[in-house]
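All remarks here apply to the structure that follows.
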Amino acid sequence: MAAFRFHTDRKRTKATIHIYLRNTSSYRPLLWALLTNIPMQTNQETQTAPTPPHQLLFNGQPIPANLAEPETCFAYIKAKIIDCLLLEVHGQRDRFAVDAYAQIGSQDQVQTVVRRLLVKLAEKKQPVLMYSYGKHVQRLLSTVETLKKQLCDREFPFEQFNHMSCFVHVRVGRNELLEQRINIPVLVVVIAPEGEFFSMSNFQKQ
């Protein structure tokens, strides 16, 4: 029969183990685990998950995206933000082909993207949707202006719809007063043949 008592100081750096054994041979594995500091779980101790030092919010809620990993942000925009926007435009989501979406990052080549979108617009007469966020938005704006210029050169009539929202980047401080919140713009732009959409809910026609 055995009994164990643990005495731990406030810094939890040392533990004194008092072991009372009648038959030490049957407790050798447990004794070895204790002496080699193998972690053991107890019902009395509860662990609280630490608050992440950085957090990204959308509409006030944490989202599974990280500014340090652009693909997670782009994936969230397409799967959540754009999908919800187009659902609110009744019957309009089906008008966008699978390849009509263009994710625009700061490293993308403007002319390459524009050539692909021109095929959808000018040749197939289908709308296209471009999206970006934060530091990548400037490249999106350059792409939009280049695309519009080439459409004008072809005398192709088109309409533009914009939707602007934002992520909120939260940097956790020691307390709420030291917490930093930075708005990260999220821009969605639709270019469509003239008359394709009478209006788009939550989009501003330009």
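Following the order of the structure tokens, first chain is A, next is B, and so on, with residues numbered from 1 inside each chain and ligands from 1 in the order they appear.
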Using only C-alpha atoms, find each residue in region 55-152 of chain A having at least one atom no more than 10 Å away from region 188-195 of chain A; report its shortest atom-to-atom pair and that distance in Å (one decimal), rows by chain then rising number, as JSON lines.
```
{"residue": "A:Ile77", "atom": "CA", "partner": "A:Val188", "partner_atom": "CA", "distance": 9.0}
{"residue": "A:Lys78", "atom": "CA", "partner": "A:Val188", "partner_atom": "CA", "distance": 9.7}
{"residue": "A:Ile81", "atom": "CA", "partner": "A:Val188", "partner_atom": "CA", "distance": 9.3}
{"residue": "A:Ile82", "atom": "CA", "partner": "A:Val188", "partner_atom": "CA", "distance": 7.8}
{"residue": "A:Leu85", "atom": "CA", "partner": "A:Val188", "partner_atom": "CA", "distance": 9.7}
{"residue": "A:Phe96", "atom": "CA", "partner": "A:Ala192", "partner_atom": "CA", "distance": 10.0}
{"residue": "A:Ala100", "atom": "CA", "partner": "A:Val190", "partner_atom": "CA", "distance": 9.9}
{"residue": "A:Tyr101", "atom": "CA", "partner": "A:Val190", "partner_atom": "CA", "distance": 9.4}
{"residue": "A:Ala102", "atom": "CA", "partner": "A:Val189", "partner_atom": "CA", "distance": 9.8}
{"residue": "A:Gln103", "atom": "CA", "partner": "A:Val188", "partner_atom": "CA", "distance": 9.7}
{"residue": "A:Leu117", "atom": "CA", "partner": "A:Ile191", "partner_atom": "CA", "distance": 9.5}
{"residue": "A:Lys120", "atom": "CA", "partner": "A:Ala192", "partner_atom": "CA", "distance": 9.7}
{"residue": "A:Leu121", "atom": "CA", "partner": "A:Pro193", "partner_atom": "CA", "distance": 6.8}
{"residue": "A:Ala122", "atom": "CA", "partner": "A:Pro193", "partner_atom": "CA", "distance": 8.2}
{"residue": "A:Lys124", "atom": "CA", "partner": "A:Pro193", "partner_atom": "CA", "distance": 9.9}
{"residue": "A:Lys125", "atom": "CA", "partner": "A:Pro193", "partner_atom": "CA", "distance": 6.2}
{"residue": "A:Gln126", "atom": "CA", "partner": "A:Ala192", "partner_atom": "CA", "distance": 6.7}
{"residue": "A:Pro127", "atom": "CA", "partner": "A:Ala192", "partner_atom": "CA", "distance": 4.1}
{"residue": "A:Val128", "atom": "CA", "partner": "A:Ile191", "partner_atom": "CA", "distance": 5.5}
{"residue": "A:Leu129", "atom": "CA", "partner": "A:Val190", "partner_atom": "CA", "distance": 4.5}
{"residue": "A:Met130", "atom": "CA", "partner": "A:Val189", "partner_atom": "CA", "distance": 5.2}
{"residue": "A:Tyr131", "atom": "CA", "partner": "A:Val188", "partner_atom": "CA", "distance": 4.4}
{"residue": "A:Ser132", "atom": "CA", "partner": "A:Val188", "partner_atom": "CA", "distance": 6.7}
{"residue": "A:Tyr133", "atom": "CA", "partner": "A:Val188", "partner_atom": "CA", "distance": 8.7}
{"residue": "A:Val137", "atom": "CA", "partner": "A:Val188", "partner_atom": "CA", "distance": 9.6}
{"residue": "A:Leu140", "atom": "CA", "partner": "A:Val189", "partner_atom": "CA", "distance": 8.8}
{"residue": "A:Leu141", "atom": "CA", "partner": "A:Val189", "partner_atom": "CA", "distance": 9.2}
{"residue": "A:Val144", "atom": "CA", "partner": "A:Val189", "partner_atom": "CA", "distance": 8.1}
{"residue": "A:Leu147", "atom": "CA", "partner": "A:Ile191", "partner_atom": "CA", "distance": 9.1}
{"residue": "A:Lys148", "atom": "CA", "partner": "A:Ile191", "partner_atom": "CA", "distance": 8.6}
```
Write a file of the just-selected residues containing N, CA, C and O atoms, as a CSV table (one decimal), in the first residue's frame.
```csv
chain,number,residue,atom,x,y,z
A,77,ILE,N,-12.0,35.4,-46.9
A,77,ILE,CA,-12.8,36.4,-47.7
A,77,ILE,C,-13.7,35.6,-48.7
A,77,ILE,O,-14.9,35.9,-48.8
A,78,LYS,N,-13.1,34.7,-49.4
A,78,LYS,CA,-13.8,34.0,-50.4
A,78,LYS,C,-14.9,33.1,-49.9
A,78,LYS,O,-16.1,33.1,-50.3
A,81,ILE,N,-17.0,35.9,-46.5
A,81,ILE,CA,-17.5,37.2,-46.8
A,81,ILE,C,-18.2,37.3,-48.2
A,81,ILE,O,-19.3,37.7,-48.3
A,82,ILE,N,-17.5,36.8,-49.2
A,82,ILE,CA,-18.1,36.9,-50.5
A,82,ILE,C,-19.3,36.0,-50.7
A,82,ILE,O,-20.3,36.4,-51.2
A,85,LEU,N,-22.2,37.7,-49.1
A,85,LEU,CA,-22.6,38.9,-49.9
A,85,LEU,C,-23.4,38.4,-51.1
A,85,LEU,O,-24.5,39.0,-51.4
A,96,PHE,N,-21.9,33.8,-61.4
A,96,PHE,CA,-20.4,33.9,-61.4
A,96,PHE,C,-19.9,32.5,-61.6
A,96,PHE,O,-20.1,31.6,-60.8
A,100,ALA,N,-14.4,32.8,-62.3
A,100,ALA,CA,-14.7,34.3,-62.4
A,100,ALA,C,-14.1,35.1,-61.2
A,100,ALA,O,-14.2,36.3,-61.2
A,101,TYR,N,-13.6,34.3,-60.2
A,101,TYR,CA,-13.1,35.0,-59.0
A,101,TYR,C,-11.6,35.2,-59.2
A,101,TYR,O,-10.9,34.3,-59.7
A,102,ALA,N,-11.1,36.4,-58.8
A,102,ALA,CA,-9.7,36.7,-58.8
A,102,ALA,C,-9.2,37.2,-57.5
A,102,ALA,O,-9.6,38.3,-57.1
A,103,GLN,N,-8.4,36.4,-56.9
A,103,GLN,CA,-7.7,36.8,-55.6
A,103,GLN,C,-6.5,37.6,-56.0
A,103,GLN,O,-5.6,37.2,-56.8
A,117,LEU,N,-9.2,38.0,-67.1
A,117,LEU,CA,-10.5,38.5,-66.8
A,117,LEU,C,-11.2,39.1,-68.1
A,117,LEU,O,-12.4,39.1,-68.2
A,120,LYS,N,-13.2,36.5,-69.8
A,120,LYS,CA,-14.5,36.3,-69.2
A,120,LYS,C,-15.5,37.4,-69.6
A,120,LYS,O,-16.7,37.2,-69.9
A,121,LEU,N,-15.0,38.7,-69.5
A,121,LEU,CA,-15.9,39.8,-69.7
A,121,LEU,C,-16.2,40.1,-71.2
A,121,LEU,O,-17.3,40.0,-71.6
A,122,ALA,N,-15.1,40.4,-72.0
A,122,ALA,CA,-15.3,40.8,-73.3
A,122,ALA,C,-15.7,39.7,-74.3
A,122,ALA,O,-16.5,40.0,-75.3
A,124,LYS,N,-16.8,36.2,-73.3
A,124,LYS,CA,-17.9,35.4,-72.8
A,124,LYS,C,-19.0,36.1,-72.2
A,124,LYS,O,-20.0,35.6,-71.8
A,125,LYS,N,-18.9,37.5,-72.1
A,125,LYS,CA,-19.9,38.3,-71.5
A,125,LYS,C,-20.4,37.9,-70.1
A,125,LYS,O,-21.5,37.9,-69.8
A,126,GLN,N,-19.4,37.5,-69.3
A,126,GLN,CA,-19.7,37.1,-67.9
A,126,GLN,C,-19.0,38.1,-66.9
A,126,GLN,O,-18.0,38.6,-67.2
A,127,PRO,N,-19.7,38.3,-65.8
A,127,PRO,CA,-19.1,39.1,-64.7
A,127,PRO,C,-17.9,38.5,-64.1
A,127,PRO,O,-17.8,37.3,-64.0
A,128,VAL,N,-17.1,39.4,-63.5
A,128,VAL,CA,-15.9,38.9,-62.8
A,128,VAL,C,-15.9,39.5,-61.4
A,128,VAL,O,-16.5,40.6,-61.2
A,129,LEU,N,-15.3,38.9,-60.5
A,129,LEU,CA,-15.2,39.4,-59.1
A,129,LEU,C,-13.8,39.3,-58.6
A,129,LEU,O,-13.2,38.3,-58.7
A,130,MET,N,-13.3,40.5,-58.1
A,130,MET,CA,-11.9,40.5,-57.6
A,130,MET,C,-12.0,40.9,-56.1
A,130,MET,O,-12.9,41.7,-55.7
A,131,TYR,N,-11.0,40.4,-55.4
A,131,TYR,CA,-11.0,40.7,-53.9
A,131,TYR,C,-9.6,40.8,-53.4
A,131,TYR,O,-8.7,40.1,-53.9
A,132,SER,N,-9.5,41.6,-52.3
A,132,SER,CA,-8.2,41.7,-51.7
A,132,SER,C,-8.4,42.4,-50.3
A,132,SER,O,-9.5,42.7,-49.9
A,133,TYR,N,-7.3,42.5,-49.6
A,133,TYR,CA,-7.3,43.1,-48.3
A,133,TYR,C,-6.0,43.8,-47.9
A,133,TYR,O,-5.0,43.5,-48.5
A,137,VAL,N,-4.5,45.7,-51.3
A,137,VAL,CA,-5.6,46.4,-51.9
A,137,VAL,C,-5.0,47.3,-53.1
A,137,VAL,O,-5.7,47.5,-54.1
A,140,LEU,N,-4.9,45.5,-56.2
A,140,LEU,CA,-6.3,45.3,-56.7
A,140,LEU,C,-6.8,46.5,-57.4
A,140,LEU,O,-7.3,46.4,-58.5
A,141,LEU,N,-6.5,47.7,-56.9
A,141,LEU,CA,-7.0,48.9,-57.5
A,141,LEU,C,-6.3,49.1,-58.9
A,141,LEU,O,-6.9,49.6,-59.8
A,144,VAL,N,-8.0,46.8,-61.3
A,144,VAL,CA,-9.3,47.3,-61.7
A,144,VAL,C,-9.2,48.4,-62.8
A,144,VAL,O,-9.8,48.4,-63.8
A,147,LEU,N,-8.0,47.0,-66.1
A,147,LEU,CA,-9.0,46.3,-66.8
A,147,LEU,C,-10.1,47.2,-67.4
A,147,LEU,O,-10.5,47.0,-68.5
A,148,LYS,N,-10.5,48.2,-66.6
A,148,LYS,CA,-11.4,49.2,-67.1
A,148,LYS,C,-10.9,49.9,-68.3
A,148,LYS,O,-11.7,50.2,-69.3
```
>> Need the shell around region 157-170 of chain A: protein/DNA/RNA residues with any atom at most 6 Å away, counting only C-alpha atoms. Skip same-chain ones fewer than 4 positions apart. Format as a list in words?
In response: His54, Gln55, Leu56, Leu57, Phe58, Gln180, Arg181, Ile182, Asn183, Ile184, Pro185, Val186, Leu187, Val188, Val189, Val190, Ile191, Ala192, Pro193, Glu194, Phe203, Gln204, Lys205 and Gln206 of chain A
>> Under the rule that only C-alpha atoms are counted, which of A:Gln61, A:Gln111, A:Ser106, A:Gln150 is the nearest residue to Gly134 (chain A)?
In response: A:Ser106
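Using only C-alpha atoms, the nearest neighbour of Arg154 (chain A) within the list A:Leu118, A:Glu179, A:Leu87, A:Gly173 is A:Leu118.
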>> I need the alpha helix (DSSP H) residues of region 138-180 of chain A per DSSP on the backbone, written as a PyMOL selection string.
In response: chain A and resi 138-153
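You can rank A:Glu145, A:Val119, A:Pro64, A:Leu178 by their closest distance to Asp99 (chain A) using only C-alpha atoms, and at the top of that list sits A:Val119.
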> Where does DSSP see strand (DSSP E) in region 53-98 of chain A, if you list the residues as a PyMOL selection string?
Replying inline: chain A and resi 54-58+61-62
> From the list A:Val113, A:Ala75, A:Glu69, A:Ser199, which residue is nearest Thr146 (chain A) when using only C-alpha atoms?
Replying inline: A:Val113
> Rounded to one decimal in Å, what is the spacing between CA of Phe156 (chain A) and CA of Glu123 (chain A)?
Replying inline: 10.1 Å
